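Scroll down for the structure; my scribbles are underneath it.
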Amino acid sequence: MSSSSSEGAKALSQPFTLPCGSTAPNRLVKAPMEEMMGSLGGGLPNEKLLKIYKHWADGGWGIIITGNVAIDSTHLGTPFDITLPSTNLLKDDKTIQTFKKYAQSIKGKGDDKSPLAVVQLVHAGRQSMRGSGRYPWQPTLAPSSISMSTSKGLIGKVIDYALWNTPKEMTQEEIKQLIQRFVEGSVLCHQAGFDGVEIHASHGYQIAAFLSPRTNVRKDQYGGNARNRARLLLEIIDGVRQRVPKSFAVGVKLNSSDYVQGGLTEDDALMNVKWLAEHGGVDFVEISGGNYENPSFMMDSFDSEKELAKVNGTAKTPSKPPTSARTQAREAFFQNFALRARSSVQDVKGPGREMALILTGGLRSRTGMAGPVLEGIVDGVGIGRMACVYPDLPKTILNDSVPDTDPKSSPPKYTMKGSGTVALLPLKIVNAGWGT
Ligand SMILES: Cc1cc2nc3c(=O)[nH]c(=O)nc-3n(C[C@H](O)[C@H](O)[C@H](O)COP(=O)(O)O)c2cc1C
């Protein structure tokens, strides 16, 4: 068998080292996925959750990013999320001990084959559903008081009203507390033995809402222009970096675009990537896109060019014909943006240009996963739904004794029962949610 016959497996099997010095044993990243396994109203990681992570830990992943962990128990994504309690986290022995067990369940033996264990920290902001950690009538906190709009027409308005509170604009004191909670959450994760944290700044949650011109119309230093909208994220990174050692990884999940009218554009998003690289202190950026108003990140298939054309009201630029089998096999939803992001990071002078890029969304086959790595666009690829269906997916994907052209190099595609019928509903969030 020629070596090129398993070129994809070989590329994805290469370890990679983050700027903090930690090395992931391969390029496959289990993407963050909210497990909804906490108790009603949120709670600490429990045995059921740890059991699932042990499966992933044995699966051969390079990095395992946990599902989002809420830093504020009053703002959960769903009522069953894992959350940090509203205590002084660094003195809360029960929380520290529980997180130690959580880290241990992911890191397993902790040798050079073990995955890097990263906790995703989130504040759901305006996308925290009614009653998710609060009384149903209590408003969410957000950069500005702009209501959610996930569906169209009168019925859509009623559904939106039933699901979401109208947010309250955050005061500067509330912003300070928010930053503090991300910092304390990160310190806790470090003390518990995790290799890093990922700050969730995409999919419309709190930090993404600050980054978006549609949901952030503030007049103070946290709004008004793109740089000000990025201030919150940069202040969180600074705050975290001041309290954790350099060897601890700090990543950010960022949108390539919100794909909604008036939302974050690809050009805005590119500036965010560039500013993070210039700023330094960030080990990786995981690229995704969309929010609950257009959940592109969770669709079955997604064409970013088509979606951008729809948002801009222009005709879709015809895609260039594929030049190789690799481009033909392209599955990644946000690869065009990743390419632009890579060149933008490369242009940055200074240590921030070492920041790794991870591309998540749409990847289903070995060739689809290997393409963006082989082309040098990203350092790793994030796998969500396939990681749920096949927790030990890396064992198949990285097996270089099976040629890339052999259908056995990737597990079979799966479809969710009923997804065809559900797709007829005019509610994108329901369509996407069915698959998840
Ligand atoms: C069940 C489920 C839960 C998710 N929860 C999160 C989450 O907590 N944080 C996050 O950043 N993305 C979350 N996502 C999005 C995934 O990380 C990923 O971006 C998305 O599933 C697209 O990747 P895929 O096509 O490989 O599934 C979730 C996706 C699924 C399917």
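As shown in the structure tokens, the chain order sets the letters A, B, ...; within each chain, residues go from 1, and ligands are also counted from 1 in the order they appear.
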Discussion item. When DSSP is applied to the backbone of this structure, which of segment 64-140 of chain A are assigned strand (DSSP E)? Write them out as a ChimeraX atom specification.
Written reply: /A:64-65,69-70,82-83,116-122
Practice prompt. Within 9 Å of His123 of chain A, counting only C-alpha atoms, which residues show up once you throw out same-chain ones fewer than 2 positions away? Write them as a ChimeraX atom specification, please.
Written response: /A:68-73,75-77,121,125,128,178,182,200,205-207
Take the selection from the previous step and output its residues with N, CA and C atoms, as a tab-separated table (two decimals), in the first residue's frame.
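Output file part_35.tsv follows:
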```tsv
chain	number	residue	atom	x	y	z
A	68	ASN	N	-20.79	22.95	27.01
A	68	ASN	CA	-20.64	24.21	27.73
A	68	ASN	C	-21.00	24.09	29.21
A	69	VAL	N	-20.20	24.74	30.04
A	69	VAL	CA	-20.42	24.80	31.47
A	69	VAL	C	-20.77	26.26	31.78
A	70	ALA	N	-21.94	26.45	32.36
A	70	ALA	CA	-22.41	27.83	32.59
A	70	ALA	C	-21.64	28.46	33.75
A	71	ILE	N	-21.15	29.66	33.52
A	71	ILE	CA	-20.43	30.35	34.60
A	71	ILE	C	-21.41	31.07	35.52
A	72	ASP	N	-22.67	31.17	35.05
A	72	ASP	CA	-23.68	31.88	35.84
A	72	ASP	C	-24.92	30.99	35.89
A	73	SER	N	-25.24	30.50	37.09
A	73	SER	CA	-26.32	29.53	37.21
A	73	SER	C	-27.70	30.14	36.93
A	75	HIS	N	-28.20	31.82	34.15
A	75	HIS	CA	-28.27	31.95	32.68
A	75	HIS	C	-27.81	30.67	32.01
A	76	LEU	N	-28.64	29.63	32.10
A	76	LEU	CA	-28.29	28.37	31.45
A	76	LEU	C	-28.80	28.38	30.02
A	77	GLY	N	-28.13	27.58	29.16
A	77	GLY	CA	-28.63	27.43	27.80
A	77	GLY	C	-29.93	26.64	27.81
A	121	LEU	N	-16.42	27.28	28.73
A	121	LEU	CA	-17.15	28.13	29.67
A	121	LEU	C	-18.08	29.06	28.88
A	125	GLY	N	-26.44	34.40	28.03
A	125	GLY	CA	-26.96	35.72	27.68
A	125	GLY	C	-28.41	35.68	27.23
A	128	SER	N	-30.51	32.42	26.81
A	128	SER	CA	-30.90	31.55	27.92
A	128	SER	C	-32.43	31.50	27.91
A	178	LEU	N	-19.36	39.64	35.20
A	178	LEU	CA	-19.30	38.60	34.16
A	178	LEU	C	-17.85	38.21	33.89
A	182	PHE	N	-15.87	34.46	34.50
A	182	PHE	CA	-15.07	33.70	33.52
A	182	PHE	C	-13.67	33.45	34.10
A	200	HIS	N	-16.56	30.51	25.24
A	200	HIS	CA	-17.57	30.39	24.17
A	200	HIS	C	-18.00	31.80	23.73
A	205	TYR	N	-24.37	33.41	22.02
A	205	TYR	CA	-24.36	33.53	23.47
A	205	TYR	C	-23.76	34.89	23.87
A	206	GLN	N	-23.62	35.08	25.19
A	206	GLN	CA	-23.34	36.43	25.69
A	206	GLN	C	-22.19	37.17	24.96
A	207	ILE	N	-21.04	36.52	24.85
A	207	ILE	CA	-19.89	37.25	24.26
A	207	ILE	C	-20.15	37.49	22.78
```
Close residues, Phe210 of chain A itself excluded, 8 Å, only C-alpha atoms, min 5 positions apart in chain, as an mmCIF file with all heavy atoms, in the first residue's frame:
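Once written, out.cif looks like this:
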```cif
data_model
loop_
_atom_site.group_PDB
_atom_site.id
_atom_site.type_symbol
_atom_site.label_atom_id
_atom_site.label_comp_id
_atom_site.auth_asym_id
_atom_site.auth_seq_id
_atom_site.Cartn_x
_atom_site.Cartn_y
_atom_site.Cartn_z
ATOM 1 N N ALA A 142 -27.994 41.052 28.717
ATOM 2 C CA ALA A 142 -27.413 41.087 27.373
ATOM 3 C C ALA A 142 -26.787 42.461 27.155
ATOM 4 O O ALA A 142 -27.038 43.388 27.934
ATOM 5 C CB ALA A 142 -28.501 40.811 26.334
ATOM 6 N N PRO A 143 -25.990 42.605 26.079
ATOM 7 C CA PRO A 143 -25.387 43.930 25.841
ATOM 8 C C PRO A 143 -26.454 45.014 25.666
ATOM 9 O O PRO A 143 -26.293 46.138 26.146
ATOM 10 C CB PRO A 143 -24.583 43.741 24.552
ATOM 11 C CG PRO A 143 -24.967 42.412 23.999
ATOM 12 C CD PRO A 143 -25.485 41.607 25.129
ATOM 13 N N THR A 215 -26.982 42.901 17.966
ATOM 14 C CA THR A 215 -27.446 42.735 19.347
ATOM 15 C C THR A 215 -26.697 43.630 20.336
ATOM 16 O O THR A 215 -27.038 43.667 21.504
ATOM 17 C CB THR A 215 -27.298 41.260 19.774
ATOM 18 O OG1 THR A 215 -25.985 40.810 19.413
ATOM 19 C CG2 THR A 215 -28.332 40.398 19.081
ATOM 20 N N ASN A 216 -25.676 44.328 19.835
ATOM 21 C CA ASN A 216 -24.946 45.258 20.705
ATOM 22 C C ASN A 216 -25.050 46.656 20.106
ATOM 23 O O ASN A 216 -24.361 46.979 19.131
ATOM 24 C CB ASN A 216 -23.472 44.829 20.807
ATOM 25 C CG ASN A 216 -22.666 45.762 21.692
ATOM 26 O OD1 ASN A 216 -23.151 46.812 22.126
ATOM 27 N ND2 ASN A 216 -21.426 45.391 21.965
ATOM 28 N N TYR A 222 -18.080 49.405 25.451
ATOM 29 C CA TYR A 222 -18.311 48.028 25.016
ATOM 30 C C TYR A 222 -19.159 47.955 23.741
ATOM 31 O O TYR A 222 -19.595 46.868 23.353
ATOM 32 C CB TYR A 222 -18.964 47.212 26.139
ATOM 33 C CG TYR A 222 -18.027 47.030 27.312
ATOM 34 C CD1 TYR A 222 -18.112 47.864 28.426
ATOM 35 C CD2 TYR A 222 -17.035 46.054 27.273
ATOM 36 C CE1 TYR A 222 -17.236 47.710 29.493
ATOM 37 C CE2 TYR A 222 -16.156 45.898 28.332
ATOM 38 C CZ TYR A 222 -16.258 46.726 29.440
ATOM 39 O OH TYR A 222 -15.380 46.573 30.487
ATOM 40 N N GLY A 223 -19.421 49.090 23.117
ATOM 41 C CA GLY A 223 -20.217 49.081 21.889
ATOM 42 C C GLY A 223 -19.819 50.245 20.992
ATOM 43 O O GLY A 223 -18.854 50.955 21.264
ATOM 44 N N ARG A 229 -16.769 46.418 20.522
ATOM 45 C CA ARG A 229 -17.595 45.222 20.734
ATOM 46 C C ARG A 229 -16.731 44.020 21.138
ATOM 47 O O ARG A 229 -17.189 43.104 21.805
ATOM 48 C CB ARG A 229 -18.410 44.903 19.474
ATOM 49 C CG ARG A 229 -19.527 45.909 19.205
ATOM 50 C CD ARG A 229 -20.521 45.399 18.185
ATOM 51 N NE ARG A 229 -19.961 45.287 16.860
ATOM 52 C CZ ARG A 229 -19.918 46.271 15.960
ATOM 53 N NH1 ARG A 229 -20.445 47.455 16.239
ATOM 54 N NH2 ARG A 229 -19.373 46.077 14.778
ATOM 55 N N ALA A 230 -15.441 44.059 20.718
ATOM 56 C CA ALA A 230 -14.532 42.951 21.060
ATOM 57 C C ALA A 230 -13.891 43.155 22.440
ATOM 58 O O ALA A 230 -13.198 42.263 22.934
ATOM 59 C CB ALA A 230 -13.449 42.825 19.992
ATOM 60 N N LEU A 232 -14.997 43.200 25.504
ATOM 61 C CA LEU A 232 -15.357 42.255 26.572
ATOM 62 C C LEU A 232 -14.514 40.981 26.452
ATOM 63 O O LEU A 232 -13.923 40.515 27.432
ATOM 64 C CB LEU A 232 -16.855 41.915 26.501
ATOM 65 C CG LEU A 232 -17.294 40.779 27.428
ATOM 66 C CD1 LEU A 232 -17.198 41.201 28.889
ATOM 67 C CD2 LEU A 232 -18.716 40.330 27.117
#
```
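Nearest to ligand 1 of all the residues A:Glu375, A:Glu305, A:Glu286, A:Asp267 is A:Glu286, based on only C-alpha atoms and all ligand atoms.
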Worksheet item: Near Met37 of chain A, counting only C-alpha atoms, which residues have an atom at most 8 Å away, once you skip same-chain residues fewer than 4 positions from it, shown as a PyMOL selection string?
Response: chain A and resi 46+48-49+80-82
Could you save those same residues with N, CA and C atoms as a PDB file, in the first residue's frame?
```
ATOM      1  N   ASN A  46     -22.069  15.016  37.045  1.00  0.00           N
ATOM      2  CA  ASN A  46     -22.475  13.866  37.859  1.00  0.00           C
ATOM      3  C   ASN A  46     -21.916  12.567  37.248  1.00  0.00           C
ATOM      4  N   LYS A  48     -23.274  10.137  35.684  1.00  0.00           N
ATOM      5  CA  LYS A  48     -23.765   9.819  34.340  1.00  0.00           C
ATOM      6  C   LYS A  48     -22.893  10.529  33.285  1.00  0.00           C
ATOM      7  N   LEU A  49     -22.597  11.777  33.585  1.00  0.00           N
ATOM      8  CA  LEU A  49     -21.801  12.585  32.649  1.00  0.00           C
ATOM      9  C   LEU A  49     -20.374  12.037  32.559  1.00  0.00           C
ATOM     10  N   PHE A  80     -31.164  21.996  31.967  1.00  0.00           N
ATOM     11  CA  PHE A  80     -30.436  20.835  32.495  1.00  0.00           C
ATOM     12  C   PHE A  80     -28.920  20.945  32.289  1.00  0.00           C
ATOM     13  N   ASP A  81     -28.428  22.163  32.142  1.00  0.00           N
ATOM     14  CA  ASP A  81     -26.996  22.324  31.850  1.00  0.00           C
ATOM     15  C   ASP A  81     -26.114  22.109  33.070  1.00  0.00           C
ATOM     16  N   ILE A  82     -24.869  21.798  32.777  1.00  0.00           N
ATOM     17  CA  ILE A  82     -23.860  21.761  33.850  1.00  0.00           C
ATOM     18  C   ILE A  82     -23.525  23.222  34.167  1.00  0.00           C
TER      19      ILE A  82
END
```
Worksheet item: Do you know which residues are at most 8 Å from segment 85-91 of chain A counting only C-alpha atoms, after dropping those on the same chain fewer than 2 positions away, and could you put them as a ChimeraX atom specification?
Response: /A:43-44,71-73,83,93,95-96,184-185,187-188
Item to complete: Enumerate the residues of segment 184-305 of chain A with a DSSP assignment of helix (DSSP H, G or I), computed from the backbone, and present them as a VMD selection string.
Response: chain A and resid 184 to 192 206 to 211 226 to 229 231 to 243 266 to 279 296 to 298 304 to 305
Please save C-alpha atoms of the selected residues as an mmCIF file, in the first residue's frame.
```
data_model
loop_
_atom_site.group_PDB
_atom_site.id
_atom_site.type_symbol
_atom_site.label_atom_id
_atom_site.label_comp_id
_atom_site.auth_asym_id
_atom_site.auth_seq_id
_atom_site.Cartn_x
_atom_site.Cartn_y
_atom_site.Cartn_z
ATOM 1 C CA GLU A 184 -12.799 32.349 38.452
ATOM 2 C CA GLY A 185 -14.212 29.534 36.305
ATOM 3 C CA SER A 186 -10.890 29.290 34.449
ATOM 4 C CA VAL A 187 -8.853 29.272 37.666
ATOM 5 C CA LEU A 188 -11.114 26.522 39.013
ATOM 6 C CA CYS A 189 -10.563 24.424 35.862
ATOM 7 C CA HIS A 190 -6.822 24.892 36.170
ATOM 8 C CA GLN A 191 -6.846 23.880 39.838
ATOM 9 C CA ALA A 192 -8.916 20.826 38.965
ATOM 10 C CA GLN A 206 -23.337 36.434 25.688
ATOM 11 C CA ILE A 207 -19.894 37.251 24.262
ATOM 12 C CA ALA A 208 -21.100 36.670 20.689
ATOM 13 C CA ALA A 209 -23.997 39.032 21.409
ATOM 14 C CA PHE A 210 -21.438 41.681 22.416
ATOM 15 C CA LEU A 211 -19.477 41.043 19.189
ATOM 16 C CA ALA A 226 -16.180 46.602 16.156
ATOM 17 C CA ARG A 227 -13.134 47.151 18.356
ATOM 18 C CA ASN A 228 -15.303 48.198 21.291
ATOM 19 C CA ARG A 229 -17.595 45.222 20.734
ATOM 20 C CA ARG A 231 -13.443 44.634 24.300
ATOM 21 C CA LEU A 232 -15.357 42.255 26.572
ATOM 22 C CA LEU A 233 -13.689 39.191 25.023
ATOM 23 C CA LEU A 234 -10.220 40.747 25.232
ATOM 24 C CA GLU A 235 -10.778 41.782 28.850
ATOM 25 C CA ILE A 236 -11.865 38.233 29.716
ATOM 26 C CA ILE A 237 -8.701 36.849 28.115
ATOM 27 C CA ASP A 238 -6.533 39.332 29.999
ATOM 28 C CA GLY A 239 -8.310 38.541 33.247
ATOM 29 C CA VAL A 240 -7.883 34.800 32.772
ATOM 30 C CA ARG A 241 -4.263 35.071 31.642
ATOM 31 C CA GLN A 242 -3.360 37.074 34.747
ATOM 32 C CA ARG A 243 -4.571 34.243 36.983
ATOM 33 C CA GLU A 266 -17.221 37.640 7.828
ATOM 34 C CA ASP A 267 -15.192 40.854 7.635
ATOM 35 C CA ASP A 268 -16.027 41.689 11.265
ATOM 36 C CA ALA A 269 -15.193 38.122 12.237
ATOM 37 C CA LEU A 270 -11.860 38.291 10.464
ATOM 38 C CA MET A 271 -10.972 41.390 12.468
ATOM 39 C CA ASN A 272 -11.832 39.505 15.657
ATOM 40 C CA VAL A 273 -9.438 36.704 14.704
ATOM 41 C CA LYS A 274 -6.723 39.227 13.839
ATOM 42 C CA TRP A 275 -7.185 41.141 17.088
ATOM 43 C CA LEU A 276 -6.954 37.924 19.099
ATOM 44 C CA ALA A 277 -3.714 37.004 17.332
ATOM 45 C CA GLU A 278 -2.292 40.501 17.841
ATOM 46 C CA HIS A 279 -3.397 40.569 21.444
ATOM 47 C CA SER A 296 -26.092 27.198 10.634
ATOM 48 C CA PHE A 297 -23.661 25.384 12.920
ATOM 49 C CA MET A 298 -26.204 22.625 13.548
ATOM 50 C CA SER A 304 -21.703 29.645 3.645
ATOM 51 C CA GLU A 305 -21.561 31.406 0.254
#
```
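With only C-alpha atoms and all ligand atoms as the atoms that count, the minimum distance from ligand 1 to the choices A:Pro167, A:Gly384, A:Gly193, A:Pro25 is reached by A:Gly384.
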Worksheet entry | Distance query Tyr259 of chain A at most 8 Å, only C-alpha atoms, self and fewer than 4 positions along chain excluded, as a PyMOL selection string | chain A and resi 263-265+289-290+294+296+307-308+311
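If you measure from each of A:Ala162, A:Val122, A:Trp137, A:Gly153 to Ile179 of chain A using only C-alpha atoms, the closest one turns out to be A:Val122.
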Worksheet item: So, counting only C-alpha atoms, which residue among A:Val260, A:Lys168, A:Glu34, A:Val119 is closest to Phe248 of chain A?
Response: A:Val119
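Across the model, the gap from atom CA of His203 of chain A to atom CA of Pro411 of chain A is 27.8 Å.
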